[in-house]
Amino acid sequence: MPSIRSSRVVTPEGERPATIQFTDGIITEFGGGRADVDYGELVVLPGLVDSHVHVNEPGRTDWEGFATATRAAVTGGTTTIVDMPLNSIPPTIDRSALAAKRQAAASQLSCDVAFWGGLVPGSEAEIAGLVADGVCGFKMFTVDSGVPEFPPVSPEEFESVGKRVAAADVPLLVHAEEPGLLENPEPGGDPRRYATYLATRPPEAEASAIRRIAGAVPPETVHVLHVASRQAVEAIAENGVSAETCPHYLTFEAAAIPDGATEFKCAPPIREREHREVLWEALGQGILKMIVSDHSPAPPERKKMASGDFLAAWGGIASLELRLAAVWTEARQRGRSLTEVARWLSTAPAVLAGLDHRKGSIAPGHDADFVVFDPEGVTMVSAARLEQRHPVTPYDGRSLSGEVVATWLRGRAVHGAGASAAVGRMLSRGE
């Protein structure tokens, strides 16, 4: 029976020395004794689960694709991703689009992949069919998504959509910003200045949309995406909805973003330092449940790298490969533990996606997915060396704490010493 061992295995109860045995890719025993591979004092965490990844294939594979995205995932310790319904063409809003997505993914996967469905005006009738076909839940926008084939759901439709999703017993993921509170750029404002863009998406736009959604949809159904502000955290706490944040909101601050550095553009935007610290506090309090990448890459020309025009640039940050090191860099400075990091980066996203019976924890009966991590190591980020399709990321040139030493997928090393080619699978919620 194959096995690995470490003096620091991270479980939901904390770290402990353990030997993990597995058969046919499933953990069978968790105890003591010698092992085939002994990682000494390196930390073994559950394989990371990233429930917010834009793969963009088919249709915009020049932005990203399953081959490059899933290679980036395993290189960074992520063994399962859940693909967003946009920006692929067609978006995953009906059964035929989901079939096209799965066909595009076939034979390209280095990690396991599940799928979110999408909701746009008029697509409510597709909910039951997509759930039957295995989507993990549904995503909708309250504002312009940036692509014409995925328009926002209107406030008049919130209640009807929410009831149907609640009846299907899956989560409703919401990009929550109030369109009426988004500002036009100040006349004469320099589009190369980050402050010009930041002013167009005020924090209250997040909070107002969250309150509106929570008033129309059963709160237990709602999951708020990419929370960036103190006001949003307050609205989440008031209404008892689930929510996430992202490494870039926990790492960067608006005042430090250079002119023309459009690799930092995302929506909602990276805000001032005070918001960052509130997000960390909210994670510690359990108001925010998880940290996901919102990996949303685009070619340099779409990011307007040449002109540095924040207003015209695509809003999305690429960081799938760097999530663990980026989060650990900031978490350790605030006295957070690797047990907490594993909950935020693995266990909670698996629960959201309905995959926690097999992913997100090191326990008998779960898939033998592991990330072996040196918390004292260093990850020097070179965008050109990342596995993602385009060498564009705000982390370029940064020194991050910790290093992914190895990744195991269903009992096989797929990154690091002795790794073999990874063969990922497509997953369905609850199966």
# chains A, B, ... in the order shown; residues from 1 in each chain; ligands from 1

call {"tool": "residues_around", "arguments": {"residues": "A:Leu355", "least_positions_apart": "6", "cutoff": "8 Å", "atoms": "only C-alpha atoms", "output": "compact mmCIF listing (two decimals) with N, CA, C and O atoms, in the first residue's frame"}}
result
# COMPACT_ATOMS: atom_id res chain seq x y z
N SER A 428 -18.31 16.16 -10.86
CA SER A 428 -19.64 16.71 -10.70
C SER A 428 -19.93 16.90 -9.22
O SER A 428 -19.39 16.19 -8.37
N ARG A 429 -20.76 17.87 -8.90
CA ARG A 429 -21.11 18.14 -7.51
C ARG A 429 -21.71 16.88 -6.86
O ARG A 429 -22.59 16.24 -7.40
N GLY A 430 -21.16 16.53 -5.70
CA GLY A 430 -21.71 15.44 -4.92
C GLY A 430 -21.33 14.04 -5.38
O GLY A 430 -21.69 13.06 -4.72
N GLU A 431 -20.60 13.92 -6.46
CA GLU A 431 -20.24 12.58 -6.97
C GLU A 431 -18.77 12.28 -6.73
O GLU A 431 -17.94 13.16 -6.67

call {"tool": "residues_around", "arguments": {"residues": "stretch 249-253 of chain A", "least_positions_apart": "3", "cutoff": "10 Å", "atoms": "only C-alpha atoms", "output": "PyMOL selection string"}}
result
chain A and resi 226-229+245-246+256-257+264+266+268-280+291+326-327+329-331+394-395

call {"tool": "closest_atom_pairs", "arguments": {"of": "stretch 45-100 of chain A", "to": "stretch 398-417 of chain A", "cutoff": "7 Å", "atoms": "only C-alpha atoms", "output": "tab-separated table"}}
result
residue	atom	partner	partner_atom	distance
A:Val74	CA	A:Thr407	CA	6.2
A:Thr75	CA	A:His415	CA	6.1
A:Gly76	CA	A:Val404	CA	6.3
A:Gly77	CA	A:Thr407	CA	5.4
A:Thr79	CA	A:Leu409	CA	6.2

call {"tool": "closest_atom_pairs", "arguments": {"of": "stretch 118-232 of chain A", "to": "stretch 94-105 of chain A", "cutoff": "8 Å", "atoms": "only C-alpha atoms", "output": "JSON lines"}}
result
{"residue": "A:Ser123", "atom": "CA", "partner": "A:Asp94", "partner_atom": "CA", "distance": 7.5}
{"residue": "A:Glu126", "atom": "CA", "partner": "A:Asp94", "partner_atom": "CA", "distance": 5.5}
{"residue": "A:Ile127", "atom": "CA", "partner": "A:Asp94", "partner_atom": "CA", "distance": 7.9}
{"residue": "A:Gly129", "atom": "CA", "partner": "A:Arg95", "partner_atom": "CA", "distance": 6.5}
{"residue": "A:Leu130", "atom": "CA", "partner": "A:Arg95", "partner_atom": "CA", "distance": 5.7}
{"residue": "A:Asp133", "atom": "CA", "partner": "A:Arg95", "partner_atom": "CA", "distance": 7.3}

call {"tool": "select_by_dssp", "arguments": {"residues": "stretch 194-371 of chain A", "states": "alpha helix (DSSP H)", "output": "NGL selection string"}}
result
:A and (194-198 or 203-216 or 230-239 or 247-251 or 273-285 or 323-333 or 338-342 or 348-352)

call {"tool": "select_by_dssp", "arguments": {"residues": "stretch 84-211 of chain A", "states": "strand (DSSP E or B)", "output": "list in words"}}
result
Asp112, Val113, Ala114, Phe115, Gly117, Gly118, Phe138, Lys139, Met140, Phe141, Leu172, Leu173, Val174 and His175 of chain A

call {"tool": "residues_around", "arguments": {"residues": "A:Ser154", "least_positions_apart": "6", "cutoff": "9 Å", "atoms": "only C-alpha atoms", "output": "short mmCIF file (atom, residue, chain, number, x, y, z; two decimals) with N, CA and C atoms, in the first residue's frame"}}
result
data_model
loop_
_atom_site.label_atom_id
_atom_site.label_comp_id
_atom_site.auth_asym_id
_atom_site.auth_seq_id
_atom_site.Cartn_x
_atom_site.Cartn_y
_atom_site.Cartn_z
N PRO A 121 -30.17 36.78 -18.06
CA PRO A 121 -31.61 36.95 -18.27
C PRO A 121 -32.16 35.92 -19.26
N PHE A 141 -24.14 38.06 -12.39
CA PHE A 141 -23.63 39.42 -12.18
C PHE A 141 -24.78 40.35 -11.90
N THR A 142 -24.53 41.35 -11.07
CA THR A 142 -25.48 42.45 -10.90
C THR A 142 -25.08 43.65 -11.74
N VAL A 143 -23.88 43.60 -12.34
CA VAL A 143 -23.37 44.68 -13.19
C VAL A 143 -22.83 44.07 -14.48
#

call {"tool": "residues_around", "arguments": {"residues": "stretch 183-194 of chain A", "least_positions_apart": "4", "cutoff": "10 Å", "atoms": "only C-alpha atoms", "output": "PDB file with all heavy atoms, in the first residue's frame"}}
result
ATOM      1  N   PRO A 179     -24.974  48.761  -9.864  1.00  0.00           N
ATOM      2  CA  PRO A 179     -24.624  49.552 -11.056  1.00  0.00           C
ATOM      3  C   PRO A 179     -24.885  51.040 -10.902  1.00  0.00           C
ATOM      4  O   PRO A 179     -24.133  51.865 -11.442  1.00  0.00           O
ATOM      5  CB  PRO A 179     -25.492  48.929 -12.160  1.00  0.00           C
ATOM      6  CG  PRO A 179     -26.560  48.170 -11.455  1.00  0.00           C
ATOM      7  CD  PRO A 179     -25.968  47.723 -10.162  1.00  0.00           C
ATOM      8  N   LEU A 198      -9.898  53.581  -9.517  1.00  0.00           N
ATOM      9  CA  LEU A 198     -10.430  53.247  -8.201  1.00  0.00           C
ATOM     10  C   LEU A 198     -11.675  54.063  -7.877  1.00  0.00           C
ATOM     11  O   LEU A 198     -12.649  53.551  -7.311  1.00  0.00           O
ATOM     12  CB  LEU A 198      -9.351  53.478  -7.139  1.00  0.00           C
ATOM     13  CG  LEU A 198      -9.728  53.196  -5.686  1.00  0.00           C
ATOM     14  CD1 LEU A 198     -10.085  51.734  -5.481  1.00  0.00           C
ATOM     15  CD2 LEU A 198      -8.571  53.590  -4.756  1.00  0.00           C
ATOM     16  N   ALA A 199     -11.682  55.327  -8.256  1.00  0.00           N
ATOM     17  CA  ALA A 199     -12.809  56.203  -7.943  1.00  0.00           C
ATOM     18  C   ALA A 199     -14.090  55.805  -8.664  1.00  0.00           C
ATOM     19  O   ALA A 199     -15.184  56.204  -8.246  1.00  0.00           O
ATOM     20  CB  ALA A 199     -12.449  57.647  -8.298  1.00  0.00           C
ATOM     21  N   THR A 200     -13.975  54.999  -9.725  1.00  0.00           N
ATOM     22  CA  THR A 200     -15.174  54.623 -10.484  1.00  0.00           C
ATOM     23  C   THR A 200     -15.956  53.492  -9.828  1.00  0.00           C
ATOM     24  O   THR A 200     -17.112  53.253 -10.199  1.00  0.00           O
ATOM     25  CB  THR A 200     -14.813  54.202 -11.923  1.00  0.00           C
ATOM     26  OG1 THR A 200     -14.065  52.968 -11.898  1.00  0.00           O
ATOM     27  CG2 THR A 200     -14.008  55.289 -12.620  1.00  0.00           C
ATOM     28  N   ARG A 201     -15.361  52.799  -8.851  1.00  0.00           N
ATOM     29  CA  ARG A 201     -16.033  51.657  -8.227  1.00  0.00           C
ATOM     30  C   ARG A 201     -15.926  51.781  -6.703  1.00  0.00           C
ATOM     31  O   ARG A 201     -15.104  51.112  -6.062  1.00  0.00           O
ATOM     32  CB  ARG A 201     -15.437  50.339  -8.722  1.00  0.00           C
ATOM     33  CG  ARG A 201     -15.466  50.184 -10.242  1.00  0.00           C
ATOM     34  CD  ARG A 201     -15.012  48.814 -10.698  1.00  0.00           C
ATOM     35  NE  ARG A 201     -16.130  47.905 -10.885  1.00  0.00           N
ATOM     36  CZ  ARG A 201     -16.610  47.510 -12.070  1.00  0.00           C
ATOM     37  NH1 ARG A 201     -16.078  47.991 -13.186  1.00  0.00           N
ATOM     38  NH2 ARG A 201     -17.605  46.652 -12.146  1.00  0.00           N
ATOM     39  N   PRO A 202     -16.743  52.625  -6.094  1.00  0.00           N
ATOM     40  CA  PRO A 202     -16.651  52.894  -4.661  1.00  0.00           C
ATOM     41  C   PRO A 202     -17.072  51.692  -3.821  1.00  0.00           C
ATOM     42  O   PRO A 202     -17.851  50.837  -4.268  1.00  0.00           O
ATOM     43  CB  PRO A 202     -17.606  54.076  -4.461  1.00  0.00           C
ATOM     44  CG  PRO A 202     -18.580  53.967  -5.589  1.00  0.00           C
ATOM     45  CD  PRO A 202     -17.807  53.418  -6.748  1.00  0.00           C
ATOM     46  N   ALA A 205     -20.746  50.476  -3.452  1.00  0.00           N
ATOM     47  CA  ALA A 205     -21.367  49.710  -4.536  1.00  0.00           C
ATOM     48  C   ALA A 205     -21.403  48.222  -4.198  1.00  0.00           C
ATOM     49  O   ALA A 205     -22.377  47.527  -4.517  1.00  0.00           O
ATOM     50  CB  ALA A 205     -20.617  49.948  -5.845  1.00  0.00           C
ATOM     51  N   ALA A 254      -3.924  50.144  -2.648  1.00  0.00           N
ATOM     52  CA  ALA A 254      -4.102  51.059  -3.772  1.00  0.00           C
ATOM     53  C   ALA A 254      -2.964  52.072  -3.883  1.00  0.00           C
ATOM     54  O   ALA A 254      -2.501  52.381  -4.989  1.00  0.00           O
ATOM     55  CB  ALA A 254      -5.443  51.779  -3.636  1.00  0.00           C
ATOM     56  N   ALA A 255      -2.524  52.589  -2.760  1.00  0.00           N
ATOM     57  CA  ALA A 255      -1.537  53.668  -2.792  1.00  0.00           C
ATOM     58  C   ALA A 255      -0.208  53.234  -3.387  1.00  0.00           C
ATOM     59  O   ALA A 255       0.580  54.088  -3.832  1.00  0.00           O
ATOM     60  CB  ALA A 255      -1.324  54.211  -1.382  1.00  0.00           C
ATOM     61  N   ALA A 256       0.059  51.935  -3.392  1.00  0.00           N
ATOM     62  CA  ALA A 256       1.354  51.442  -3.868  1.00  0.00           C
ATOM     63  C   ALA A 256       1.322  50.984  -5.325  1.00  0.00           C
ATOM     64  O   ALA A 256       2.348  50.542  -5.847  1.00  0.00           O
ATOM     65  CB  ALA A 256       1.830  50.298  -2.978  1.00  0.00           C
ATOM     66  N   ILE A 257       0.169  51.072  -5.987  1.00  0.00           N
ATOM     67  CA  ILE A 257       0.072  50.615  -7.375  1.00  0.00           C
ATOM     68  C   ILE A 257       0.626  51.708  -8.292  1.00  0.00           C
ATOM     69  O   ILE A 257       0.124  52.830  -8.300  1.00  0.00           O
ATOM     70  CB  ILE A 257      -1.378  50.265  -7.737  1.00  0.00           C
ATOM     71  CG1 ILE A 257      -1.848  49.079  -6.865  1.00  0.00           C
ATOM     72  CG2 ILE A 257      -1.512  49.932  -9.224  1.00  0.00           C
ATOM     73  CD1 ILE A 257      -3.292  48.689  -7.071  1.00  0.00           C
ATOM     74  N   PRO A 258       1.641  51.390  -9.085  1.00  0.00           N
ATOM     75  CA  PRO A 258       2.277  52.423  -9.915  1.00  0.00           C
ATOM     76  C   PRO A 258       1.379  52.882 -11.064  1.00  0.00           C
ATOM     77  O   PRO A 258       0.478  52.164 -11.504  1.00  0.00           O
ATOM     78  CB  PRO A 258       3.535  51.714 -10.462  1.00  0.00           C
ATOM     79  CG  PRO A 258       3.721  50.495  -9.611  1.00  0.00           C
ATOM     80  CD  PRO A 258       2.350  50.104  -9.154  1.00  0.00           C
ATOM     81  N   ASP A 259       1.643  54.047 -11.555  1.00  0.00           N
ATOM     82  CA  ASP A 259       0.963  54.529 -12.756  1.00  0.00           C
ATOM     83  C   ASP A 259       1.192  53.544 -13.902  1.00  0.00           C
ATOM     84  O   ASP A 259       2.310  53.039 -14.099  1.00  0.00           O
ATOM     85  CB  ASP A 259       1.509  55.893 -13.172  1.00  0.00           C
ATOM     86  CG  ASP A 259       1.121  57.014 -12.213  1.00  0.00           C
ATOM     87  OD1 ASP A 259       0.284  56.757 -11.326  1.00  0.00           O
ATOM     88  OD2 ASP A 259       1.669  58.124 -12.364  1.00  0.00           O
ATOM     89  N   GLY A 260       0.131  53.277 -14.653  1.00  0.00           N
ATOM     90  CA  GLY A 260       0.244  52.440 -15.840  1.00  0.00           C
ATOM     91  C   GLY A 260       0.359  50.953 -15.584  1.00  0.00           C
ATOM     92  O   GLY A 260       0.457  50.176 -16.542  1.00  0.00           O
ATOM     93  N   ALA A 261       0.335  50.512 -14.326  1.00  0.00           N
ATOM     94  CA  ALA A 261       0.529  49.090 -13.996  1.00  0.00           C
ATOM     95  C   ALA A 261      -0.806  48.349 -14.067  1.00  0.00           C
ATOM     96  O   ALA A 261      -1.387  47.943 -13.055  1.00  0.00           O
ATOM     97  CB  ALA A 261       1.165  48.947 -12.624  1.00  0.00           C
ATOM     98  N   THR A 262      -1.301  48.163 -15.283  1.00  0.00           N
ATOM     99  CA  THR A 262      -2.641  47.603 -15.482  1.00  0.00           C
ATOM    100  C   THR A 262      -2.750  46.141 -15.104  1.00  0.00           C
ATOM    101  O   THR A 262      -3.861  45.612 -15.041  1.00  0.00           O
ATOM    102  CB  THR A 262      -3.079  47.795 -16.942  1.00  0.00           C
ATOM    103  OG1 THR A 262      -2.074  47.228 -17.803  1.00  0.00           O
ATOM    104  CG2 THR A 262      -3.257  49.270 -17.267  1.00  0.00           C
ATOM    105  N   PHE A 264      -2.554  45.168 -12.300  1.00  0.00           N
ATOM    106  CA  PHE A 264      -3.236  45.222 -11.011  1.00  0.00           C
ATOM    107  C   PHE A 264      -4.742  45.455 -11.153  1.00  0.00           C
ATOM    108  O   PHE A 264      -5.455  45.424 -10.144  1.00  0.00           O
ATOM    109  CB  PHE A 264      -2.662  46.355 -10.155  1.00  0.00           C
ATOM    110  CG  PHE A 264      -1.299  46.091  -9.589  1.00  0.00           C
ATOM    111  CD1 PHE A 264      -0.157  46.407 -10.313  1.00  0.00           C
ATOM    112  CD2 PHE A 264      -1.146  45.519  -8.334  1.00  0.00           C
ATOM    113  CE1 PHE A 264       1.112  46.182  -9.797  1.00  0.00           C
ATOM    114  CE2 PHE A 264       0.115  45.285  -7.801  1.00  0.00           C
ATOM    115  CZ  PHE A 264       1.251  45.618  -8.547  1.00  0.00           C
ATOM    116  N   LYS A 265      -5.240  45.691 -12.352  1.00  0.00           N
ATOM    117  CA  LYS A 265      -6.657  46.029 -12.477  1.00  0.00           C
ATOM    118  C   LYS A 265      -7.539  44.811 -12.299  1.00  0.00           C
ATOM    119  O   LYS A 265      -7.337  43.759 -12.907  1.00  0.00           O
ATOM    120  CB  LYS A 265      -6.958  46.665 -13.839  1.00  0.00           C
ATOM    121  CG  LYS A 265      -8.436  47.071 -13.954  1.00  0.00           C
ATOM    122  CD  LYS A 265      -8.791  47.679 -15.297  1.00  0.00           C
ATOM    123  CE  LYS A 265     -10.284  47.995 -15.353  1.00  0.00           C
ATOM    124  NZ  LYS A 265     -10.691  48.616 -16.638  1.00  0.00           N
ATOM    125  N   PRO A 269     -12.087  46.759  -7.315  1.00  0.00           N
ATOM    126  CA  PRO A 269     -10.667  47.097  -7.344  1.00  0.00           C
ATOM    127  C   PRO A 269      -9.951  46.795  -6.029  1.00  0.00           C
ATOM    128  O   PRO A 269     -10.572  46.656  -4.967  1.00  0.00           O
ATOM    129  CB  PRO A 269     -10.672  48.602  -7.618  1.00  0.00           C
ATOM    130  CG  PRO A 269     -11.981  49.075  -7.079  1.00  0.00           C
ATOM    131  CD  PRO A 269     -12.951  47.952  -7.259  1.00  0.00           C
ATOM    132  N   ILE A 270      -8.633  46.686  -6.123  1.00  0.00           N
ATOM    133  CA  ILE A 270      -7.798  46.657  -4.928  1.00  0.00           C
ATOM    134  C   ILE A 270      -7.926  48.011  -4.244  1.00  0.00           C
ATOM    135  O   ILE A 270      -7.781  49.061  -4.874  1.00  0.00           O
ATOM    136  CB  ILE A 270      -6.338  46.377  -5.321  1.00  0.00           C
ATOM    137  CG1 ILE A 270      -6.216  44.972  -5.919  1.00  0.00           C
ATOM    138  CG2 ILE A 270      -5.400  46.555  -4.122  1.00  0.00           C
ATOM    139  CD1 ILE A 270      -4.922  44.746  -6.669  1.00  0.00           C
ATOM    140  N   SER A 307      -0.081  50.922 -23.234  1.00  0.00           N
ATOM    141  CA  SER A 307      -0.537  52.283 -22.940  1.00  0.00           C
ATOM    142  C   SER A 307      -0.683  52.556 -21.452  1.00  0.00           C
ATOM    143  O   SER A 307      -0.642  53.710 -21.017  1.00  0.00           O
ATOM    144  CB  SER A 307      -1.879  52.546 -23.623  1.00  0.00           C
ATOM    145  OG  SER A 307      -2.905  51.747 -23.034  1.00  0.00           O
ATOM    146  N   GLY A 308      -0.877  51.497 -20.655  1.00  0.00           N
ATOM    147  CA  GLY A 308      -1.096  51.684 -19.224  1.00  0.00           C
ATOM    148  C   GLY A 308      -2.413  52.337 -18.891  1.00  0.00           C
ATOM    149  O   GLY A 308      -2.570  52.939 -17.820  1.00  0.00           O
ATOM    150  N   ASP A 309      -3.411  52.175 -19.758  1.00  0.00           N
ATOM    151  CA  ASP A 309      -4.720  52.814 -19.575  1.00  0.00           C
ATOM    152  C   ASP A 309      -5.595  51.933 -18.688  1.00  0.00           C
ATOM    153  O   ASP A 309      -6.127  50.912 -19.135  1.00  0.00           O
ATOM    154  CB  ASP A 309      -5.375  53.021 -20.947  1.00  0.00           C
ATOM    155  CG  ASP A 309      -6.670  53.808 -20.881  1.00  0.00           C
ATOM    156  OD1 ASP A 309      -7.335  53.795 -19.824  1.00  0.00           O
ATOM    157  OD2 ASP A 309      -7.045  54.422 -21.902  1.00  0.00           O
ATOM    158  N   PHE A 310      -5.755  52.319 -17.427  1.00  0.00           N
ATOM    159  CA  PHE A 310      -6.555  51.524 -16.490  1.00  0.00           C
ATOM    160  C   PHE A 310      -8.021  51.458 -16.901  1.00  0.00           C
ATOM    161  O   PHE A 310      -8.694  50.450 -16.670  1.00  0.00           O
ATOM    162  CB  PHE A 310      -6.445  52.105 -15.077  1.00  0.00           C
ATOM    163  CG  PHE A 310      -5.226  51.675 -14.326  1.00  0.00           C
ATOM    164  CD1 PHE A 310      -4.166  52.552 -14.148  1.00  0.00           C
ATOM    165  CD2 PHE A 310      -5.131  50.404 -13.803  1.00  0.00           C
ATOM    166  CE1 PHE A 310      -3.041  52.166 -13.446  1.00  0.00           C
ATOM    167  CE2 PHE A 310      -4.002  49.999 -13.103  1.00  0.00           C
ATOM    168  CZ  PHE A 310      -2.952  50.883 -12.924  1.00  0.00           C
ATOM    169  N   LEU A 311      -8.537  52.509 -17.486  1.00  0.00           N
ATOM    170  CA  LEU A 311      -9.958  52.543 -17.820  1.00  0.00           C
ATOM    171  C   LEU A 311     -10.281  51.620 -18.988  1.00  0.00           C
ATOM    172  O   LEU A 311     -11.375  51.042 -19.045  1.00  0.00           O
ATOM    173  CB  LEU A 311     -10.383  53.979 -18.136  1.00  0.00           C
ATOM    174  CG  LEU A 311     -10.198  54.977 -16.999  1.00  0.00           C
ATOM    175  CD1 LEU A 311     -10.641  56.366 -17.443  1.00  0.00           C
ATOM    176  CD2 LEU A 311     -10.971  54.550 -15.750  1.00  0.00           C
ATOM    177  N   ALA A 312      -9.342  51.445 -19.902  1.00  0.00           N
ATOM    178  CA  ALA A 312      -9.570  50.607 -21.074  1.00  0.00           C
ATOM    179  C   ALA A 312      -9.132  49.169 -20.870  1.00  0.00           C
ATOM    180  O   ALA A 312      -9.561  48.271 -21.609  1.00  0.00           O
ATOM    181  CB  ALA A 312      -8.839  51.195 -22.282  1.00  0.00           C
ATOM    182  N   ALA A 313      -8.299  48.891 -19.882  1.00  0.00           N
ATOM    183  CA  ALA A 313      -7.726  47.555 -19.692  1.00  0.00           C
ATOM    184  C   ALA A 313      -8.760  46.553 -19.208  1.00  0.00           C
ATOM    185  O   ALA A 313      -9.716  46.897 -18.498  1.00  0.00           O
ATOM    186  CB  ALA A 313      -6.571  47.626 -18.694  1.00  0.00           C
TER     187      ALA A 313
END

call {"tool": "residues_around", "arguments": {"residues": "stretch 46-51 of chain A", "least_positions_apart": "5", "cutoff": "7 Å", "atoms": "only C-alpha atoms", "output": "ChimeraX atom specification"}}
result
/A:77-82,292-293,342,345-346,349-350,353,360-362,369-371

call {"tool": "write_last_selection", "arguments": {"atoms": "N, CA, C and O atoms", "output": "compact mmCIF listing (two decimals), in the first residue's frame"}}
result
# COMPACT_ATOMS: atom_id res chain seq x y z
N GLY A 77 0.28 23.79 -6.27
CA GLY A 77 -0.30 22.99 -5.19
C GLY A 77 -1.80 22.82 -5.26
O GLY A 77 -2.40 22.23 -4.35
N THR A 78 -2.44 23.29 -6.32
CA THR A 78 -3.89 23.15 -6.46
C THR A 78 -4.21 21.90 -7.25
O THR A 78 -3.73 21.73 -8.38
N THR A 79 -5.01 21.03 -6.67
CA THR A 79 -5.35 19.76 -7.31
C THR A 79 -6.76 19.74 -7.88
O THR A 79 -7.11 18.83 -8.63
N THR A 80 -7.58 20.74 -7.54
CA THR A 80 -8.94 20.83 -8.07
C THR A 80 -9.28 22.29 -8.33
O THR A 80 -9.07 23.14 -7.45
N ILE A 81 -9.79 22.57 -9.52
CA ILE A 81 -10.33 23.90 -9.80
C ILE A 81 -11.78 23.77 -10.20
O ILE A 81 -12.23 22.71 -10.68
N VAL A 82 -12.55 24.85 -9.98
CA VAL A 82 -13.92 24.92 -10.48
C VAL A 82 -13.96 26.07 -11.47
O VAL A 82 -13.69 27.21 -11.12
N VAL A 292 -9.81 32.53 -2.69
CA VAL A 292 -9.73 31.91 -4.01
C VAL A 292 -9.01 32.86 -4.96
O VAL A 292 -8.90 34.05 -4.69
N SER A 293 -8.52 32.35 -6.07
CA SER A 293 -7.66 33.19 -6.91
C SER A 293 -8.43 34.20 -7.75
O SER A 293 -7.92 35.29 -8.02
N ALA A 342 -5.05 26.14 5.24
CA ALA A 342 -5.64 24.98 4.59
C ALA A 342 -7.16 25.07 4.55
O ALA A 342 -7.80 24.68 3.56
N LEU A 345 -8.02 27.80 1.84
CA LEU A 345 -7.61 27.52 0.46
C LEU A 345 -8.05 26.16 -0.04
O LEU A 345 -7.93 25.89 -1.24
N SER A 346 -8.54 25.31 0.84
CA SER A 346 -8.87 23.95 0.41
C SER A 346 -10.23 23.49 0.92
O SER A 346 -11.14 23.21 0.14
N PRO A 349 -13.46 26.02 0.07
CA PRO A 349 -13.87 25.98 -1.34
C PRO A 349 -14.46 24.64 -1.75
O PRO A 349 -15.38 24.60 -2.58
N ALA A 350 -13.95 23.54 -1.19
CA ALA A 350 -14.52 22.23 -1.50
C ALA A 350 -15.96 22.12 -1.00
O ALA A 350 -16.83 21.56 -1.69
N ALA A 353 -18.35 24.08 -3.32
CA ALA A 353 -18.58 23.41 -4.60
C ALA A 353 -19.25 22.05 -4.47
O ALA A 353 -19.52 21.41 -5.48
N GLY A 360 -10.41 18.50 -0.26
CA GLY A 360 -10.31 19.56 0.72
C GLY A 360 -9.83 19.18 2.10
O GLY A 360 -9.59 20.07 2.92
N SER A 361 -9.66 17.89 2.39
CA SER A 361 -9.19 17.45 3.71
C SER A 361 -8.36 16.19 3.55
O SER A 361 -8.57 15.40 2.62
N ILE A 362 -7.46 15.99 4.49
CA ILE A 362 -6.71 14.74 4.56
C ILE A 362 -7.42 13.83 5.55
O ILE A 362 -7.35 14.03 6.77
N ASP A 369 -4.94 13.64 -2.41
CA ASP A 369 -4.45 14.89 -2.99
C ASP A 369 -3.68 15.65 -1.92
O ASP A 369 -4.24 15.96 -0.84
N PHE A 370 -2.43 15.98 -2.20
CA PHE A 370 -1.59 16.65 -1.21
C PHE A 370 -0.75 17.73 -1.88
O PHE A 370 -0.40 17.63 -3.06
N VAL A 371 -0.41 18.76 -1.09
CA VAL A 371 0.62 19.70 -1.48
C VAL A 371 1.68 19.69 -0.39
O VAL A 371 1.36 19.83 0.80

call {"tool": "closest_atom_pairs", "arguments": {"of": "stretch 236-313 of chain A", "to": "stretch 157-174 of chain A", "cutoff": "12 Å", "atoms": "only C-alpha atoms", "output": "CSV"}}
result
residue,atom,partner,partner_atom,distance
A:Val241,CA,A:Leu172,CA,10.6
A:Ser242,CA,A:Leu173,CA,9.3
A:Ala243,CA,A:Leu173,CA,9.0
A:Glu244,CA,A:Leu173,CA,10.2

call {"tool": "atom_distance", "arguments": {"atom1": "atom CA of A:Arg343", "atom2": "atom CA of A:Glu387"}}
result
25.2 Å

call {"tool": "closest_residue", "arguments": {"among": "A:Pro2, A:Pro364, A:Pro148, A:Gly118", "to": "A:Ile26", "atoms": "only C-alpha atoms"}}
result
A:Pro364

call {"tool": "residues_around", "arguments": {"residues": "A:Leu386", "least_positions_apart": "2", "cutoff": "12 Å", "atoms": "only C-alpha atoms", "output": "list in words"}}
result
Thr68, Ala69, Thr70, Arg71, Ala72, Ala73, Val74, Thr75, Gly76, Ala318, Ser319, Leu320, Glu321, Leu322, Thr379, Met380, Val381, Ser382, Ala383, Ala384, Gln388, Arg389, His390, Pro391, Val392, Thr393, Tyr395, Asp396 and Gly397 of chain A

call {"tool": "write_last_selection", "arguments": {"atoms": "C-alpha atoms", "output": "short mmCIF file (atom, residue, chain, number, x, y, z; two decimals), in the first residue's frame"}}
result
data_model
loop_
_atom_site.label_atom_id
_atom_site.label_comp_id
_atom_site.auth_asym_id
_atom_site.auth_seq_id
_atom_site.Cartn_x
_atom_site.Cartn_y
_atom_site.Cartn_z
CA THR A 68 -2.07 25.91 -19.32
CA ALA A 69 -4.44 26.66 -16.43
CA THR A 70 -4.33 23.16 -14.97
CA ARG A 71 -0.54 22.97 -15.29
CA ALA A 72 -0.35 26.24 -13.39
CA ALA A 73 -2.70 24.80 -10.78
CA VAL A 74 -0.64 21.71 -9.93
CA THR A 75 2.60 23.70 -9.98
CA GLY A 76 1.13 25.87 -7.25
CA ALA A 318 -3.69 36.07 -12.93
CA SER A 319 -2.44 34.25 -9.82
CA LEU A 320 -3.59 30.61 -9.94
CA GLU A 321 -0.05 29.26 -9.51
CA LEU A 322 0.83 31.65 -6.67
CA THR A 379 9.20 31.66 -4.21
CA MET A 380 10.80 34.21 -6.51
CA VAL A 381 8.12 35.17 -9.02
CA SER A 382 9.08 35.55 -12.64
CA ALA A 383 6.00 36.03 -14.78
CA ALA A 384 7.78 34.56 -17.81
CA GLN A 388 -0.25 30.26 -17.26
CA ARG A 389 -0.64 31.26 -20.90
CA HIS A 390 0.54 34.89 -20.64
CA PRO A 391 3.39 36.36 -18.55
CA VAL A 392 1.21 38.99 -16.89
CA THR A 393 0.75 39.13 -13.11
CA TYR A 395 3.30 39.43 -8.46
CA ASP A 396 6.08 39.59 -11.06
CA GLY A 397 9.43 40.24 -9.38
#
